[in-house]
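**Student:** One structure, pasted below without further comment.
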Amino acid sequence: MKKFKFALVVPAIAILSACTGGHMSVGPDKTRDRGTDQKHLSQLQAGIWVDPNGCDHWIIDDGLEGYLSQRLDKFGKPVCSGVAPPTVATGPFKGGTSIPDTL
């Protein structure tokens with residue numbers, strides 16, 4: 001039984017240790033894309049995804065990674081513009097990168 005537990009614990013520790021940094025760690029600045037085409041996120045183009053409730057979310061897809069945040073008005077309330085049907089993304093959210101999105 002001890003060997004079985006050891007065989008489960010060692011790989012779990014190795015997997016978790018891979019999550020703590022490395023050459024592609026995020027670091028304190030979350031406004032920077034640290035992937036293949038490293039650039040500031042403001043250089044990517046955002047679109048709008050409408051959630052099932054009809055409210056807007058900013059969406060960016062740079063081919064390998066995706067970014068999403070709720071669209072809020074100046075008072076912090078959700079914006080529900082009706083720009084697209086629920087669960088649909090619209091706009092140039094795949095623009096601003098040279099990496100193709102194969103999906």
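Identifiers in this document derive from the order of the structure tokens: chains are assigned A, B, ..., residues are numbered from 1 separately in each chain, and ligands are numbered from 1 in order of occurrence.
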Near region 66-80 of chain A, counting only C-alpha atoms, which residues have an atom at most 10 Å away, once you skip same-chain residues fewer than 3 positions from it, shown as a tab-separated table (two decimals) with N, CA, C and O atoms, in the first residue's frame?
**Tutor:**
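The resulting file, result_18.tsv, is shown below:
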```
chain	number	residue	atom	x	y	z
A	41	LEU	N	-1.28	43.75	-24.15
A	41	LEU	CA	-2.63	43.34	-24.52
A	41	LEU	C	-3.43	44.44	-25.20
A	41	LEU	O	-4.36	44.17	-25.94
A	46	ALA	N	-10.31	43.69	-29.48
A	46	ALA	CA	-11.36	43.07	-28.67
A	46	ALA	C	-12.67	43.02	-29.45
A	46	ALA	O	-12.95	43.87	-30.30
A	47	GLY	N	-13.43	42.00	-29.16
A	47	GLY	CA	-14.79	41.88	-29.66
A	47	GLY	C	-15.72	41.76	-28.47
A	47	GLY	O	-15.30	41.97	-27.32
A	48	ILE	N	-16.95	41.43	-28.72
A	48	ILE	CA	-17.92	41.27	-27.63
A	48	ILE	C	-18.55	39.89	-27.71
A	48	ILE	O	-18.98	39.45	-28.77
A	49	TRP	N	-18.56	39.21	-26.58
A	49	TRP	CA	-19.28	37.95	-26.44
A	49	TRP	C	-20.48	38.23	-25.55
A	49	TRP	O	-20.35	38.88	-24.50
A	50	VAL	N	-21.64	37.76	-25.95
A	50	VAL	CA	-22.87	37.96	-25.17
A	50	VAL	C	-23.15	36.68	-24.39
A	50	VAL	O	-23.26	35.60	-24.98
A	51	ASP	N	-23.26	36.81	-23.07
A	51	ASP	CA	-23.51	35.63	-22.23
A	51	ASP	C	-24.97	35.19	-22.34
A	51	ASP	O	-25.79	35.87	-22.96
A	53	ASN	N	-27.35	35.41	-20.40
A	53	ASN	CA	-28.28	36.39	-19.83
A	53	ASN	C	-28.43	37.62	-20.71
A	53	ASN	O	-29.20	38.52	-20.40
A	54	GLY	N	-27.65	37.71	-21.79
A	54	GLY	CA	-27.73	38.84	-22.71
A	54	GLY	C	-26.78	39.98	-22.39
A	54	GLY	O	-26.88	41.04	-22.99
A	55	CYS	N	-25.85	39.78	-21.46
A	55	CYS	CA	-24.92	40.84	-21.09
A	55	CYS	C	-23.57	40.67	-21.80
A	55	CYS	O	-23.16	39.57	-22.12
A	56	ASP	N	-22.89	41.80	-22.05
A	56	ASP	CA	-21.68	41.83	-22.86
A	56	ASP	C	-20.43	41.51	-22.04
A	56	ASP	O	-20.34	41.87	-20.87
A	57	HIS	N	-19.47	40.90	-22.72
A	57	HIS	CA	-18.14	40.64	-22.17
A	57	HIS	C	-17.12	40.97	-23.25
A	57	HIS	O	-17.32	40.62	-24.41
A	58	TRP	N	-16.03	41.65	-22.88
A	58	TRP	CA	-14.94	41.88	-23.82
A	58	TRP	C	-14.23	40.56	-24.03
A	58	TRP	O	-13.96	39.83	-23.08
A	59	ILE	N	-13.91	40.23	-25.28
A	59	ILE	CA	-13.23	38.98	-25.60
A	59	ILE	C	-12.08	39.25	-26.57
A	59	ILE	O	-12.22	40.04	-27.50
A	60	ILE	N	-10.94	38.62	-26.30
A	60	ILE	CA	-9.77	38.70	-27.18
A	60	ILE	C	-9.25	37.28	-27.36
A	60	ILE	O	-9.12	36.53	-26.40
A	61	ASP	N	-8.93	36.92	-28.59
A	61	ASP	CA	-8.36	35.60	-28.88
A	61	ASP	C	-7.11	35.82	-29.72
A	61	ASP	O	-7.20	36.30	-30.84
A	62	ASP	N	-5.94	35.48	-29.17
A	62	ASP	CA	-4.72	35.70	-29.94
A	62	ASP	C	-4.18	34.42	-30.56
A	62	ASP	O	-3.01	34.31	-30.88
A	63	GLY	N	-5.04	33.43	-30.74
A	63	GLY	CA	-4.63	32.20	-31.41
A	63	GLY	C	-4.28	31.09	-30.45
A	63	GLY	O	-4.62	29.94	-30.67
A	83	VAL	N	-26.14	43.66	-28.78
A	83	VAL	CA	-25.36	43.73	-30.01
A	83	VAL	C	-25.35	42.40	-30.78
A	83	VAL	O	-25.14	42.38	-31.98
A	84	ALA	N	-25.61	41.30	-30.08
A	84	ALA	CA	-25.64	39.97	-30.71
A	84	ALA	C	-26.56	39.07	-29.88
A	84	ALA	O	-26.87	39.37	-28.73
A	93	PHE	N	-12.35	40.10	-32.64
A	93	PHE	CA	-11.65	39.59	-31.46
A	93	PHE	C	-10.49	38.66	-31.78
A	93	PHE	O	-9.70	38.34	-30.91
A	94	LYS	N	-10.35	38.22	-33.02
A	94	LYS	CA	-9.21	37.38	-33.40
A	94	LYS	C	-8.14	38.20	-34.11
A	94	LYS	O	-7.16	37.66	-34.59
```
**Student:** If you run DSSP on this backbone, which residues of region 44-80 of chain A come out as strand (DSSP E), and could you give them as a compact mmCIF listing (two decimals) with N, CA and C atoms, in the first residue's frame?
**Tutor:**
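What ended up in selection-v8.txt:
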```
# COMPACT_ATOMS: atom_id res chain seq x y z
N GLY A 47 -13.43 42.00 -29.16
CA GLY A 47 -14.79 41.88 -29.66
C GLY A 47 -15.72 41.76 -28.47
N ILE A 48 -16.95 41.43 -28.72
CA ILE A 48 -17.92 41.27 -27.63
C ILE A 48 -18.55 39.89 -27.71
N TRP A 49 -18.56 39.21 -26.58
CA TRP A 49 -19.28 37.95 -26.44
C TRP A 49 -20.48 38.23 -25.55
N VAL A 50 -21.64 37.76 -25.95
CA VAL A 50 -22.87 37.96 -25.17
C VAL A 50 -23.15 36.68 -24.39
N ASP A 56 -22.89 41.80 -22.05
CA ASP A 56 -21.68 41.83 -22.86
C ASP A 56 -20.43 41.51 -22.04
N HIS A 57 -19.47 40.90 -22.72
CA HIS A 57 -18.14 40.64 -22.17
C HIS A 57 -17.12 40.97 -23.25
N TRP A 58 -16.03 41.65 -22.88
CA TRP A 58 -14.94 41.88 -23.82
C TRP A 58 -14.23 40.56 -24.03
N ILE A 59 -13.91 40.23 -25.28
CA ILE A 59 -13.23 38.98 -25.60
C ILE A 59 -12.08 39.25 -26.57
N ILE A 60 -10.94 38.62 -26.30
CA ILE A 60 -9.77 38.70 -27.18
C ILE A 60 -9.25 37.28 -27.36
N ASP A 61 -8.93 36.92 -28.59
CA ASP A 61 -8.36 35.60 -28.88
C ASP A 61 -7.11 35.82 -29.72
N GLY A 66 -6.79 33.12 -24.73
CA GLY A 66 -7.98 33.95 -24.83
C GLY A 66 -8.15 34.77 -23.57
N TYR A 67 -8.76 35.92 -23.71
CA TYR A 67 -8.99 36.81 -22.58
C TYR A 67 -10.45 37.22 -22.59
N LEU A 68 -11.05 37.31 -21.41
CA LEU A 68 -12.46 37.64 -21.29
C LEU A 68 -12.66 38.46 -20.02
N SER A 69 -13.40 39.55 -20.13
CA SER A 69 -13.78 40.29 -18.93
C SER A 69 -15.15 40.92 -19.17
N GLN A 70 -15.90 41.04 -18.11
CA GLN A 70 -17.25 41.57 -18.21
C GLN A 70 -17.21 43.05 -18.59
```
